[in-house]
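Data file: upload39.pdb. Format and content: PDB, C-alpha atoms.
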```
ATOM      1  CA  MET A 317      22.811 105.501  33.046
ATOM      2  CA  SER A 318      26.114 105.820  34.888
ATOM      3  CA  ILE A 319      28.915 103.300  35.215
ATOM      4  CA  VAL A 320      30.656 102.315  38.442
ATOM      5  CA  LYS A 321      34.305 101.356  38.808
ATOM      6  CA  ILE A 322      35.452  99.712  42.021
ATOM      7  CA  ASN A 323      39.182  99.318  42.508
ATOM      8  CA  VAL A 324      39.793  96.563  45.071
ATOM      9  CA  LEU A 325      43.108  97.261  46.833
ATOM     10  CA  THR A 326      44.757  94.664  49.048
ATOM     11  CA  VAL A 327      46.445  96.684  51.790
ATOM     12  CA  PRO A 328      48.543  95.145  54.585
ATOM     13  CA  ALA A 329      47.619  96.457  58.056
ATOM     14  CA  GLU A 330      50.885  98.380  58.394
ATOM     15  CA  GLN A 331      50.159 100.291  55.145
ATOM     16  CA  ARG A 332      46.556 101.367  55.871
ATOM     17  CA  GLU A 333      47.494 104.781  57.237
ATOM     18  CA  VAL A 334      49.877 105.375  54.313
ATOM     19  CA  LEU A 335      47.146 104.556  51.783
ATOM     20  CA  GLU A 336      44.592 106.805  53.468
ATOM     21  CA  GLN A 337      47.069 109.691  53.697
ATOM     22  CA  ARG A 338      47.920 109.364  50.002
ATOM     23  CA  PHE A 339      44.248 109.524  49.040
ATOM     24  CA  ALA A 340      43.710 112.489  51.382
ATOM     25  CA  SER A 341      46.641 114.352  49.811
ATOM     26  CA  ARG A 342      45.040 113.946  46.378
ATOM     27  CA  ALA A 343      41.604 115.162  47.522
ATOM     28  CA  GLY A 344      39.993 117.147  44.730
ATOM     29  CA  ALA A 345      42.143 115.635  41.972
ATOM     30  CA  VAL A 346      39.332 113.714  40.252
ATOM     31  CA  GLU A 347      36.359 115.971  41.006
ATOM     32  CA  GLY A 348      36.982 118.282  38.057
ATOM     33  CA  SER A 349      37.192 115.469  35.515
ATOM     34  CA  ASP A 350      34.570 115.490  32.768
ATOM     35  CA  GLY A 351      31.888 112.906  33.496
ATOM     36  CA  PHE A 352      32.952 112.286  37.101
ATOM     37  CA  GLU A 353      29.967 111.775  39.432
ATOM     38  CA  TRP A 354      31.096 110.264  42.774
ATOM     39  CA  PHE A 355      34.048 108.954  44.810
ATOM     40  CA  GLU A 356      34.320 106.992  48.056
ATOM     41  CA  LEU A 357      37.289 105.294  49.726
ATOM     42  CA  LEU A 358      35.928 102.405  51.802
ATOM     43  CA  ARG A 359      38.020 101.070  54.699
ATOM     44  CA  PRO A 360      37.505  97.402  55.675
ATOM     45  CA  VAL A 361      35.980  96.928  59.105
ATOM     46  CA  GLU A 362      36.570  93.211  59.664
ATOM     47  CA  GLY A 363      37.410  90.012  57.862
ATOM     48  CA  THR A 364      39.429  91.435  54.974
ATOM     49  CA  ASP A 365      42.450  93.556  54.123
ATOM     50  CA  GLN A 366      40.827  94.979  50.982
ATOM     51  CA  TYR A 367      39.911  98.627  50.571
ATOM     52  CA  LEU A 368      37.336  99.571  47.945
ATOM     53  CA  VAL A 369      37.811 102.691  45.848
ATOM     54  CA  TYR A 370      34.342 103.477  44.465
ATOM     55  CA  THR A 371      33.915 105.903  41.568
ATOM     56  CA  ARG A 372      30.867 106.611  39.433
ATOM     57  CA  TRP A 373      31.093 108.079  35.930
ATOM     58  CA  ARG A 374      28.669 109.373  33.318
ATOM     59  CA  SER A 375      30.091 106.929  30.732
ATOM     60  CA  GLU A 376      32.858 104.416  30.040
ATOM     61  CA  GLU A 377      34.386 106.978  27.660
ATOM     62  CA  ASP A 378      34.637 109.552  30.471
ATOM     63  CA  PHE A 379      36.305 107.002  32.753
ATOM     64  CA  GLN A 380      38.782 105.985  30.031
ATOM     65  CA  ALA A 381      39.598 109.629  29.268
ATOM     66  CA  TRP A 382      40.412 110.176  32.956
ATOM     67  CA  MET A 383      42.433 106.936  33.129
ATOM     68  CA  ASN A 384      44.482 107.894  30.059
ATOM     69  CA  GLY A 385      44.841 111.542  31.104
ATOM     70  CA  SER A 386      45.165 112.951  34.605
ATOM     71  CA  MET A 387      45.137 109.582  36.427
ATOM     72  CA  LYS A 388      47.945 108.222  34.257
ATOM     73  CA  ALA A 389      49.953 111.407  34.747
ATOM     74  CA  ALA A 390      49.452 111.272  38.530
ATOM     75  CA  HIS A 391      50.584 107.638  38.772
ATOM     76  CA  GLY A 392      53.413 107.699  36.230
ATOM     77  CA  GLY A 393      56.918 109.085  36.320
ATOM     78  CA  GLY A 394      59.042 109.831  39.339
ATOM     79  CA  GLY A 395      58.133 111.166  42.743
ATOM     80  CA  GLU A 396      58.299 114.759  43.861
ATOM     81  CA  GLY A 397      61.271 116.606  42.456
ATOM     82  CA  GLY A 398      61.894 113.805  39.948
ATOM     83  CA  GLY A 399      63.058 111.343  42.612
ATOM     84  CA  GLU A 400      61.980 107.761  43.045
ATOM     85  CA  ARG A 401      58.301 107.005  43.472
ATOM     86  CA  PRO A 402      57.258 105.853  46.934
ATOM     87  CA  LYS A 403      56.571 102.163  47.425
ATOM     88  CA  PRO A 404      52.902 101.318  46.715
ATOM     89  CA  ALA A 405      50.765 100.968  49.854
ATOM     90  CA  ALA A 406      48.654  98.238  48.222
ATOM     91  CA  SER A 407      50.077  94.814  47.469
ATOM     92  CA  GLY A 408      47.419  94.033  44.850
ATOM     93  CA  SER A 409      44.676  95.656  42.807
ATOM     94  CA  THR A 410      41.631  94.444  40.876
ATOM     95  CA  LEU A 411      39.224  96.660  38.932
ATOM     96  CA  TRP A 412      35.515  95.775  38.915
ATOM     97  CA  SER A 413      33.165  97.437  36.408
ATOM     98  CA  PHE A 414      29.379  97.789  36.632
ATOM     99  CA  GLU A 415      26.565  99.537  34.798
ATOM    100  CA  VAL A 416      23.951 101.242  36.961
ATOM    101  CA  VAL A 417      20.586  99.711  35.995
ATOM    102  CA  GLN A 418      18.546 100.944  38.968
ATOM    103  CA  GLN A 419      19.080 103.569  41.622
ATOM    104  CA  ALA A 420      17.153 105.228  44.432
ATOM    105  CA  SER A 421      17.672 108.162  46.737
ATOM    106  CA  PRO A 422      15.988 109.094  50.023
ATOM    107  CA  LYS A 423      12.495 110.540  49.720
ATOM    108  CA  SER A 424      12.256 114.262  50.479
TER
END
```
Would you write the structure of this file as structure tokens?
Amino acid sequence: MSIVKINVLTVPAEQREVLEQRFASRAGAVEGSDGFEWFELLRPVEGTDQYLVYTRWRSEEDFQAWMNGSMKAAHGGGGEGGGERPKPAASGSTLWSFEVVQQASPKS
């Protein structure tokens, strides 16, 4: 079965729009990765300043290959044109990992 990775990002209120715009500008970047199955960016509604970045993968190996390949390249180095990277929108990050042991979809 699949694995799920949830990146918990602590995002101050004044950085929410910045974070969402950065994710929107990278739309499509992960979809072509081998083993990728699903992505969702979840905005907090109340009671927290933590966004959840939900991804589902065919295997841990596929996730690690993406982390060590295109994700690392996208988050490393300088900004556009070799300049400085923009300040991170999140002030903290925690990665949760899960194995899918049961799943259901709507009945047809």
Interatomic distance between CA of Ser413 (chain A) and CA of Phe379 (chain A)?
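Atom-to-atom, CA of Ser413 (chain A) to CA of Phe379 (chain A), that is 10.7 Å.
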Find the residues near region 321-332 of chain A: any atom within 6 Å, counting only C-alpha atoms, skip ones fewer than 6 places away on the same chain, and give them as a ChimeraX atom specification.
/A:365-371,405-413
So that I can check the surroundings of region 417-422 of chain A, please list as a PyMOL selection string every protein, DNA and RNA residue that reaches within 12 Å of it, counting all atoms listed in the file and ignoring chain neighbours fewer than 4 positions away.
chain A and resi 317-320
Rank A:Leu335, A:Phe414, A:Gly348, A:Ala340 by their smallest atom-to-atom distance to Glu376 (chain A), using all atoms listed in the file, and report the top residue only.
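Of A:Leu335, A:Phe414, A:Gly348, A:Ala340, the one nearest Glu376 (chain A) is A:Phe414, counting all atoms listed in the file.
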Distance CA of Phe339 (chain A)-CA of Met383 (chain A), one decimal place?
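Spanning CA of Phe339 (chain A) to CA of Met383 (chain A) is a straight-line distance of 16.2 Å.
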Expressed in Å to a single decimal, how great is the separation between CA of Met387 (chain A) and CA of Ala343 (chain A)?
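That distance, rounded to one decimal, is 12.9 Å.
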Between A:Glu333, A:Trp382, A:Leu357, A:Trp373, which has the minimum distance to Ala345 (chain A) (counting only C-alpha atoms)?
A:Trp382
Test item: axis-aligned box, all listed atoms of region 330-344 of chain A, 4 Å on each side, centre and edges in Å rounded to one decimal, as AutoDock Vina command-line options:
```
--center_x 45.4 --center_y 107.8 --center_z 51.6 --size_x 18.9 --size_y 26.8 --size_z 21.7
```
Using all atoms listed in the file, pick whichever of A:Asp350, A:Glu362, A:Glu356, A:Glu336 has the shortest atom-to-atom distance to Ser375 (chain A).
A:Asp350
